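Have a look at query.pdb; it's PDB, C-alpha atoms, pLDDT in the B column:
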```pdb
ATOM      1  CA  MET A   1       0.000   0.000   0.000  1.00 32.00           C
ATOM      2  CA  ILE A   2       2.796   2.430   0.882  1.00 32.00           C
ATOM      3  CA  ALA A   3       4.705   1.582  -2.298  1.00 33.00           C
ATOM      4  CA  LEU A   4       1.572   2.215  -4.335  1.00 30.00           C
ATOM      5  CA  SER A   5       0.995   5.630  -2.790  1.00 31.00           C
ATOM      6  CA  VAL A   6       4.640   6.579  -3.332  1.00 32.00           C
ATOM      7  CA  SER A   7       4.396   5.445  -6.936  1.00 32.00           C
ATOM      8  CA  LEU A   8       1.180   7.378  -7.510  1.00 34.00           C
ATOM      9  CA  ALA A   9       2.540  10.507  -5.879  1.00 40.00           C
ATOM     10  CA  SER A  10       5.651  10.490  -8.043  1.00 41.00           C
ATOM     11  CA  ASP A  11       3.576  10.216 -11.222  1.00 43.00           C
ATOM     12  CA  ALA A  12       1.245  13.064 -10.329  1.00 46.00           C
ATOM     13  CA  VAL A  13       1.727  16.150 -12.448  1.00 48.00           C
ATOM     14  CA  THR A  14      -0.145  19.283 -11.586  1.00 54.00           C
ATOM     15  CA  LEU A  15      -1.115  21.991 -14.000  1.00 53.00           C
ATOM     16  CA  PHE A  16       1.204  24.415 -12.269  1.00 52.00           C
ATOM     17  CA  ASP A  17       4.167  22.068 -12.813  1.00 55.00           C
ATOM     18  CA  ILE A  18       3.516  22.283 -16.532  1.00 55.00           C
ATOM     19  CA  ALA A  19       2.021  25.704 -17.071  1.00 57.00           C
ATOM     20  CA  PRO A  20       4.706  28.186 -15.914  1.00 66.00           C
ATOM     21  CA  ASP A  21       7.051  27.612 -18.855  1.00 70.00           C
ATOM     22  CA  ALA A  22       4.177  27.335 -21.289  1.00 72.00           C
ATOM     23  CA  LEU A  23       2.438  30.432 -19.963  1.00 72.00           C
ATOM     24  CA  LEU A  24       5.662  32.385 -20.272  1.00 77.00           C
ATOM     25  CA  ARG A  25       6.236  31.133 -23.839  1.00 80.00           C
ATOM     26  CA  GLN A  26       2.685  32.019 -24.848  1.00 82.00           C
ATOM     27  CA  SER A  27       2.506  35.190 -22.795  1.00 83.00           C
ATOM     28  CA  ALA A  28       2.102  37.640 -25.693  1.00 85.00           C
ATOM     29  CA  GLU A  29      -0.617  35.526 -27.306  1.00 88.00           C
ATOM     30  CA  ILE A  30      -2.527  35.092 -24.048  1.00 89.00           C
ATOM     31  CA  GLN A  31      -2.207  38.791 -23.201  1.00 90.00           C
ATOM     32  CA  GLN A  32      -3.629  39.752 -26.583  1.00 91.00           C
ATOM     33  CA  LYS A  33      -6.608  37.432 -26.084  1.00 93.00           C
ATOM     34  CA  LEU A  34      -7.220  38.841 -22.601  1.00 94.00           C
ATOM     35  CA  ASN A  35      -7.248  42.478 -23.731  1.00 94.00           C
ATOM     36  CA  LEU A  36      -5.692  43.567 -20.429  1.00 95.00           C
ATOM     37  CA  SER A  37      -6.111  47.007 -18.887  1.00 96.00           C
ATOM     38  CA  ALA A  38      -2.990  49.059 -18.140  1.00 96.00           C
ATOM     39  CA  ASN A  39      -2.954  47.913 -14.492  1.00 97.00           C
ATOM     40  CA  GLN A  40      -3.485  44.284 -15.495  1.00 96.00           C
ATOM     41  CA  ARG A  41      -0.652  44.536 -18.061  1.00 95.00           C
ATOM     42  CA  MET A  42       1.660  45.927 -15.399  1.00 97.00           C
ATOM     43  CA  LEU A  43       0.769  43.075 -13.028  1.00 97.00           C
ATOM     44  CA  TRP A  44       1.206  40.541 -15.859  1.00 94.00           C
ATOM     45  CA  MET A  45       4.683  41.912 -16.657  1.00 94.00           C
ATOM     46  CA  GLN A  46       5.657  41.759 -12.980  1.00 96.00           C
ATOM     47  CA  VAL A  47       4.436  38.165 -12.648  1.00 94.00           C
ATOM     48  CA  GLU A  48       6.101  37.204 -15.906  1.00 92.00           C
ATOM     49  CA  GLY A  49       9.411  38.696 -14.742  1.00 94.00           C
ATOM     50  CA  LYS A  50       9.293  37.127 -11.287  1.00 95.00           C
ATOM     51  CA  ALA A  51       8.236  33.699 -12.572  1.00 92.00           C
ATOM     52  CA  GLY A  52      10.872  33.805 -15.306  1.00 92.00           C
ATOM     53  CA  THR A  53      13.592  34.693 -12.812  1.00 95.00           C
ATOM     54  CA  ILE A  54      12.545  31.884 -10.482  1.00 95.00           C
ATOM     55  CA  LEU A  55      12.548  29.359 -13.328  1.00 92.00           C
ATOM     56  CA  LEU A  56      15.946  30.506 -14.653  1.00 94.00           C
ATOM     57  CA  ASP A  57      17.461  30.353 -11.165  1.00 96.00           C
ATOM     58  CA  ARG A  58      16.014  26.870 -10.682  1.00 95.00           C
ATOM     59  CA  GLN A  59      17.401  25.679 -13.999  1.00 94.00           C
ATOM     60  CA  SER A  60      20.837  27.088 -13.194  1.00 96.00           C
ATOM     61  CA  ARG A  61      20.887  25.472  -9.733  1.00 96.00           C
ATOM     62  CA  ARG A  62      19.832  22.120 -11.145  1.00 95.00           C
ATOM     63  CA  GLU A  63      22.453  22.214 -13.873  1.00 96.00           C
ATOM     64  CA  GLN A  64      25.121  22.972 -11.262  1.00 95.00           C
ATOM     65  CA  LEU A  65      23.827  20.200  -9.005  1.00 94.00           C
ATOM     66  CA  LEU A  66      23.793  17.695 -11.861  1.00 93.00           C
ATOM     67  CA  VAL A  67      27.398  18.574 -12.724  1.00 94.00           C
ATOM     68  CA  GLU A  68      28.388  18.192  -9.078  1.00 92.00           C
ATOM     69  CA  VAL A  69      26.541  14.886  -8.674  1.00 91.00           C
ATOM     70  CA  GLY A  70      27.977  13.586 -11.947  1.00 90.00           C
ATOM     71  CA  SER A  71      31.535  14.464 -10.984  1.00 91.00           C
ATOM     72  CA  ARG A  72      31.150  13.026  -7.485  1.00 90.00           C
ATOM     73  CA  LEU A  73      29.708   9.771  -8.816  1.00 89.00           C
ATOM     74  CA  THR A  74      32.907   9.100 -10.773  1.00 89.00           C
ATOM     75  CA  ALA A  75      34.696   8.473  -7.458  1.00 88.00           C
ATOM     76  CA  PRO A  76      33.650   6.531  -4.372  1.00 88.00           C
ATOM     77  CA  VAL A  77      30.962   8.603  -2.704  1.00 84.00           C
ATOM     78  CA  GLU A  78      28.369   8.264   0.016  1.00 87.00           C
ATOM     79  CA  LEU A  79      25.026   8.381  -1.770  1.00 87.00           C
ATOM     80  CA  ARG A  80      23.285   9.640   1.374  1.00 87.00           C
ATOM     81  CA  ASP A  81      25.310  12.860   1.175  1.00 84.00           C
ATOM     82  CA  LEU A  82      24.239  13.352  -2.438  1.00 87.00           C
ATOM     83  CA  SER A  83      20.683  12.493  -1.512  1.00 89.00           C
ATOM     84  CA  LYS A  84      20.643  15.295   1.068  1.00 90.00           C
ATOM     85  CA  LYS A  85      21.704  17.825  -1.573  1.00 90.00           C
ATOM     86  CA  ILE A  86      19.062  16.570  -3.977  1.00 91.00           C
ATOM     87  CA  ALA A  87      16.387  16.646  -1.267  1.00 93.00           C
ATOM     88  CA  ALA A  88      17.333  20.236  -0.426  1.00 94.00           C
ATOM     89  CA  GLU A  89      16.946  21.186  -4.105  1.00 94.00           C
ATOM     90  CA  GLU A  90      13.576  19.438  -4.261  1.00 94.00           C
ATOM     91  CA  ASP A  91      12.395  21.304  -1.152  1.00 95.00           C
ATOM     92  CA  LEU A  92      13.491  24.633  -2.602  1.00 96.00           C
ATOM     93  CA  SER A  93      11.818  23.797  -5.924  1.00 92.00           C
ATOM     94  CA  LEU A  94       8.583  22.986  -4.118  1.00 92.00           C
ATOM     95  CA  GLN A  95       8.671  26.367  -2.384  1.00 94.00           C
ATOM     96  CA  GLU A  96       9.353  28.059  -5.723  1.00 93.00           C
ATOM     97  CA  SER A  97       6.505  26.180  -7.391  1.00 88.00           C
ATOM     98  CA  ARG A  98       4.166  27.416  -4.683  1.00 91.00           C
ATOM     99  CA  ARG A  99       5.418  30.968  -5.213  1.00 93.00           C
ATOM    100  CA  ILE A 100       4.912  30.735  -8.986  1.00 91.00           C
ATOM    101  CA  ARG A 101       1.431  29.325  -8.448  1.00 88.00           C
ATOM    102  CA  GLU A 102       0.593  32.251  -6.151  1.00 92.00           C
ATOM    103  CA  LEU A 103       1.890  34.717  -8.741  1.00 93.00           C
ATOM    104  CA  TRP A 104      -0.381  33.273 -11.444  1.00 89.00           C
ATOM    105  CA  LEU A 105      -3.287  33.185  -9.004  1.00 92.00           C
ATOM    106  CA  ASP A 106      -2.707  36.914  -8.455  1.00 95.00           C
ATOM    107  CA  ILE A 107      -3.186  37.351 -12.207  1.00 93.00           C
ATOM    108  CA  ASP A 108      -6.353  35.263 -12.070  1.00 94.00           C
ATOM    109  CA  ASP A 109      -7.678  37.409  -9.208  1.00 96.00           C
ATOM    110  CA  ALA A 110      -7.099  40.594 -11.215  1.00 97.00           C
ATOM    111  CA  LEU A 111      -9.116  39.418 -14.235  1.00 96.00           C
ATOM    112  CA  ASP A 112     -12.801  40.018 -14.850  1.00 96.00           C
ATOM    113  CA  ASP A 113     -15.093  37.045 -15.493  1.00 96.00           C
ATOM    114  CA  SER A 114     -14.701  36.981 -19.286  1.00 96.00           C
ATOM    115  CA  GLN A 115     -10.911  37.369 -19.064  1.00 96.00           C
ATOM    116  CA  ARG A 116     -10.786  34.658 -16.412  1.00 96.00           C
ATOM    117  CA  ARG A 117     -12.589  32.234 -18.746  1.00 95.00           C
ATOM    118  CA  ILE A 118     -10.038  32.950 -21.486  1.00 94.00           C
ATOM    119  CA  PHE A 119      -7.157  32.515 -19.022  1.00 92.00           C
ATOM    120  CA  HIS A 120      -8.594  29.235 -17.746  1.00 91.00           C
ATOM    121  CA  LEU A 121      -9.002  27.990 -21.315  1.00 90.00           C
ATOM    122  CA  ALA A 122      -5.329  28.782 -21.982  1.00 86.00           C
ATOM    123  CA  MET A 123      -4.376  26.731 -18.918  1.00 82.00           C
ATOM    124  CA  LEU A 124      -6.717  23.937 -19.991  1.00 83.00           C
ATOM    125  CA  ASP A 125      -5.052  23.974 -23.395  1.00 82.00           C
ATOM    126  CA  GLN A 126      -1.714  23.318 -21.668  1.00 76.00           C
ATOM    127  CA  MET A 127      -3.220  20.389 -19.771  1.00 74.00           C
ATOM    128  CA  ASN A 128      -4.563  18.945 -23.017  1.00 77.00           C
ATOM    129  CA  LYS A 129      -1.107  19.101 -24.573  1.00 73.00           C
ATOM    130  CA  ILE A 130       0.033  16.380 -22.192  1.00 63.00           C
ATOM    131  CA  ASP A 131       0.118  13.288 -24.374  1.00 55.00           C
ATOM    132  CA  PRO A 132      -2.313  10.805 -22.744  1.00 59.00           C
ATOM    133  CA  ALA A 133      -0.976   7.968 -24.908  1.00 54.00           C
ATOM    134  CA  ALA A 134       2.564   8.588 -23.666  1.00 46.00           C
ATOM    135  CA  ASP A 135       1.313   8.722 -20.079  1.00 52.00           C
ATOM    136  CA  ALA A 136      -0.549   5.420 -20.528  1.00 54.00           C
ATOM    137  CA  ALA A 137       2.464   3.776 -22.168  1.00 50.00           C
ATOM    138  CA  ARG A 138       4.766   4.962 -19.392  1.00 45.00           C
ATOM    139  CA  THR A 139       2.384   3.638 -16.732  1.00 51.00           C
ATOM    140  CA  ALA A 140       2.042   0.275 -18.519  1.00 54.00           C
ATOM    141  CA  ALA A 141       5.817  -0.022 -18.866  1.00 50.00           C
ATOM    142  CA  LYS A 142       6.479   0.460 -15.155  1.00 48.00           C
ATOM    143  CA  PRO A 143       8.843  -2.232 -13.862  1.00 47.00           C
ATOM    144  CA  ALA A 144       7.437  -4.825 -11.485  1.00 48.00           C
ATOM    145  CA  ASN A 145      10.049  -5.110  -8.733  1.00 46.00           C
ATOM    146  CA  SER A 146      10.647  -2.333  -6.221  1.00 42.00           C
ATOM    147  CA  ARG A 147      14.221  -1.494  -7.313  1.00 43.00           C
ATOM    148  CA  ASP A 148      13.222  -1.259 -10.965  1.00 44.00           C
ATOM    149  CA  GLN A 149      10.070   0.596  -9.961  1.00 43.00           C
ATOM    150  CA  ALA A 150      12.142   3.207  -8.142  1.00 43.00           C
ATOM    151  CA  GLN A 151      14.375   3.596 -11.207  1.00 43.00           C
ATOM    152  CA  GLY A 152      11.307   3.921 -13.442  1.00 44.00           C
ATOM    153  CA  THR A 153       9.881   6.508 -11.078  1.00 41.00           C
ATOM    154  CA  ARG A 154      13.092   8.496 -11.281  1.00 39.00           C
ATOM    155  CA  ARG A 155      12.986   8.544 -15.070  1.00 37.00           C
ATOM    156  CA  THR A 156       9.292   9.407 -15.082  1.00 37.00           C
ATOM    157  CA  SER A 157       9.553  12.264 -12.613  1.00 37.00           C
ATOM    158  CA  ARG A 158      12.602  13.736 -14.369  1.00 40.00           C
ATOM    159  CA  ASN A 159      10.886  13.616 -17.746  1.00 35.00           C
ATOM    160  CA  LEU A 160       7.630  15.144 -16.574  1.00 38.00           C
ATOM    161  CA  ASN A 161       8.533  17.926 -14.240  1.00 43.00           C
ATOM    162  CA  GLY A 162      12.300  18.164 -14.204  1.00 49.00           C
ATOM    163  CA  SER A 163      12.646  16.885 -10.656  1.00 49.00           C
ATOM    164  CA  MET A 164      15.973  15.566  -9.518  1.00 50.00           C
ATOM    165  CA  PRO A 165      16.675  11.824  -9.281  1.00 47.00           C
ATOM    166  CA  ARG A 166      15.889  10.232  -5.946  1.00 46.00           C
ATOM    167  CA  PHE A 167      18.438   8.103  -4.110  1.00 44.00           C
TER     168      PHE A 167
END
```
Is it possible to give me this structure as structure tokens?
Amino acid sequence: MIALSVSLASDAVTLFDIAPDALLRQSAEIQQKLNLSANQRMLWMQVEGKAGTILLDRQSRREQLLVEVGSRLTAPVELRDLSKKIAAEEDLSLQESRRIRELWLDIDDALDDSQRRIFHLAMLDQMNKIDPAADAARTAAKPANSRDQAQGTRRTSRNLNGSMPRF
């Protein structure tokens, strides 16, 4: 039962794990559809800047951590020490994800009802871009034993939301 809940939790992908990058990439298009007021545009630009900075910082930290982990794995190393560094990065990423979510919720709060519907449809569009066939194939291909299952979970979580490997 515990293994099942761990497996299910690692496969869960929330909209806000997917949407920040996509919302930033499609920002101009979404803004045009929303027909934002001057105050809303200012808020949007602030959120866009803050979210972009958070995501760039996260990417930079993760690249540095991956280089460090890779170089340390070439020599005898205590995996628990590496695991602590990875766990710290995961904790920080979780806090950042919450902050990004709050930033986008601030945008949602500032929209009128018709703008909010358009914004929600843009987010729904991002959810629909997740390939259900790939998700089903990945789930069906999950290894049976616990060691292989943990390795499969690592690959799955890294591919879906960029999380660090778990030791």
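What separates CA of Asp57 (chain A) from CA of Glu89 (chain A) is a distance of 11.6 Å.
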Axis-aligned box over every listed atom of region 45-51 of chain A, padded by 5 Å per side: centre and edges in Å to one decimal, as AutoDock Vina command-line options?
```
--center_x 6.9 --center_y 37.8 --center_z -14.0 --size_x 15.0 --size_y 18.2 --size_z 15.4
```
- Task: Please write as an NGL selection string the full residue list that the PyMOL selection byres ((chain A and resi 48) around 9) yields on this file.
- Result: :A and (23-24 or 27 or 43-47 or 49-53 or 103-104)
For a quick check of your reading of the model, name the residues lying within 10 Å of the coordinate (8.2, 29.4, -6.8), counting all atoms listed in the file, and write them as a compact mmCIF listing (two decimals) with C-alpha atoms, keeping the file's coordinate frame.
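Output file out-v3.txt follows:
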```
# COMPACT_ATOMS: atom_id res chain seq x y z
CA PRO A 20 4.71 28.19 -15.91
CA LYS A 50 9.29 37.13 -11.29
CA ALA A 51 8.24 33.70 -12.57
CA GLY A 52 10.87 33.80 -15.31
CA THR A 53 13.59 34.69 -12.81
CA ILE A 54 12.54 31.88 -10.48
CA LEU A 55 12.55 29.36 -13.33
CA ARG A 58 16.01 26.87 -10.68
CA LEU A 92 13.49 24.63 -2.60
CA SER A 93 11.82 23.80 -5.92
CA LEU A 94 8.58 22.99 -4.12
CA GLN A 95 8.67 26.37 -2.38
CA GLU A 96 9.35 28.06 -5.72
CA SER A 97 6.50 26.18 -7.39
CA ARG A 98 4.17 27.42 -4.68
CA ARG A 99 5.42 30.97 -5.21
CA ILE A 100 4.91 30.74 -8.99
CA ARG A 101 1.43 29.32 -8.45
CA GLU A 102 0.59 32.25 -6.15
CA LEU A 103 1.89 34.72 -8.74
```
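Shortest atom-to-atom contact with Gln40 (chain A) among A:Glu63, A:Asp125, A:Asp112, A:Asp81: A:Asp112, counting all atoms listed in the file.
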